[in-house]
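Notes to accompany the following structure.
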Amino acid sequence: MSGTVLVQGADDGADPFDTARLRRGVLDAWAASPARFREDANAEEDLALGGYRDRLVVELAQNAADAAARAGVPGRLLLTLRGKVLVAANTGAPLDAAGVESLATLRASAKRDEETAGGPGGPRGPGGPQAGPVGRFGVGFAAVLAVSDEPAIVCRTGGARWSLAEAREMAAEAAARNP
């Protein structure tokens, strides 16, 4: 999400989804407009505190269904609780840069673009009319933020993670440079 939790590349130092650019863009926007920072933080806090908390499993299933549709494969979702870590594994298309940007941006889903453009899973996709993506509003990932301050996504194309604590540090550093 853009406000309280900033996207980062995977811990191995690789940045296949150009998360450094996304993070820099958010920090620059906040520096240019403190009101934008407050607006982003308030919107995300509202969602994290209750907007989607009770829909966590539904949102994970919707994302898995949409990923399967993009890959053209039957959808499967496996949820496993390992200690305090919930692992959601699916058979769909791997995460890509557009997907990471959508997850890192509140209410800006790439799925809506697919639907209107007639892309994969869109209403005028290959083979005639199809149902559009299940999720499309760009707020489902907030369900994950309701239960975790440090979610991570890992797939065969790379990984991305979010950290509330690191986001607070970066925001404080940006504020110190631009009071």
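Quick note on naming: the chains in the structure tokens go A, B, ... in the order shown, residues restart at 1 in each chain, and ligands are numbered from 1 in order of appearance.
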
Spatial neighbours of region 94-100 of chain A, max dist 8 Å, only C-alpha atoms, sep filter under 6 positions, as a PyMOL selection string: chain A and resi 16-19+67+110+155-158+160

One-decimal distance in Å that lies between CA of Ala71 (chain A) and CA of Ala93 (chain A): 4.7 Å

DSSP helix (DSSP H, G or I) residues within region 18-108 of chain A, as a ChimeraX atom specification: /A:19-32,34-51,53-71,97-103

Selected residue of minimal separation from Ala89 (chain A) among A:Leu27, A:Ala104, A:Ala43, A:Ala68, counting only C-alpha atoms: A:Ala68

Separation of CA of Asp149 (chain A) from CA of Leu81 (chain A), in Å and rounded to one decimal: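 Between CA of Asp149 (chain A) and CA of Leu81 (chain A) the gap works out to 16.8 Å.
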
Strand (DSSP E or B) residues, from DSSP on the backbone, in region 6-108 of chain A, as a VMD selection string: chain A and resid 6 to 9 77 to 82 85 to 90

Expected file: the selected residues, C-alpha atoms, as a PDB file, in the first residue's frame:
ATOM      1  CA  LEU A   6       5.954   0.755   1.664  1.00  0.00           C
ATOM      2  CA  VAL A   7       6.841  -1.955  -0.836  1.00  0.00           C
ATOM      3  CA  GLN A   8      10.421  -3.258  -0.870  1.00  0.00           C
ATOM      4  CA  GLY A   9      12.289  -5.759  -2.994  1.00  0.00           C
ATOM      5  CA  LEU A  77      -5.523 -22.189  -3.460  1.00  0.00           C
ATOM      6  CA  LEU A  78      -3.778 -23.777  -0.501  1.00  0.00           C
ATOM      7  CA  LEU A  79      -3.875 -21.940   2.823  1.00  0.00           C
ATOM      8  CA  THR A  80      -1.486 -23.154   5.513  1.00  0.00           C
ATOM      9  CA  LEU A  81      -0.922 -21.708   8.966  1.00  0.00           C
ATOM     10  CA  ARG A  82       2.678 -22.226  10.122  1.00  0.00           C
ATOM     11  CA  VAL A  85       2.544 -17.201   9.441  1.00  0.00           C
ATOM     12  CA  LEU A  86      -0.308 -17.679   6.996  1.00  0.00           C
ATOM     13  CA  VAL A  87       0.932 -19.035   3.682  1.00  0.00           C
ATOM     14  CA  ALA A  88      -1.334 -18.721   0.633  1.00  0.00           C
ATOM     15  CA  ALA A  89      -0.153 -20.675  -2.414  1.00  0.00           C
ATOM     16  CA  ASN A  90      -1.959 -20.730  -5.751  1.00  0.00           C
TER      17      ASN A  90
END
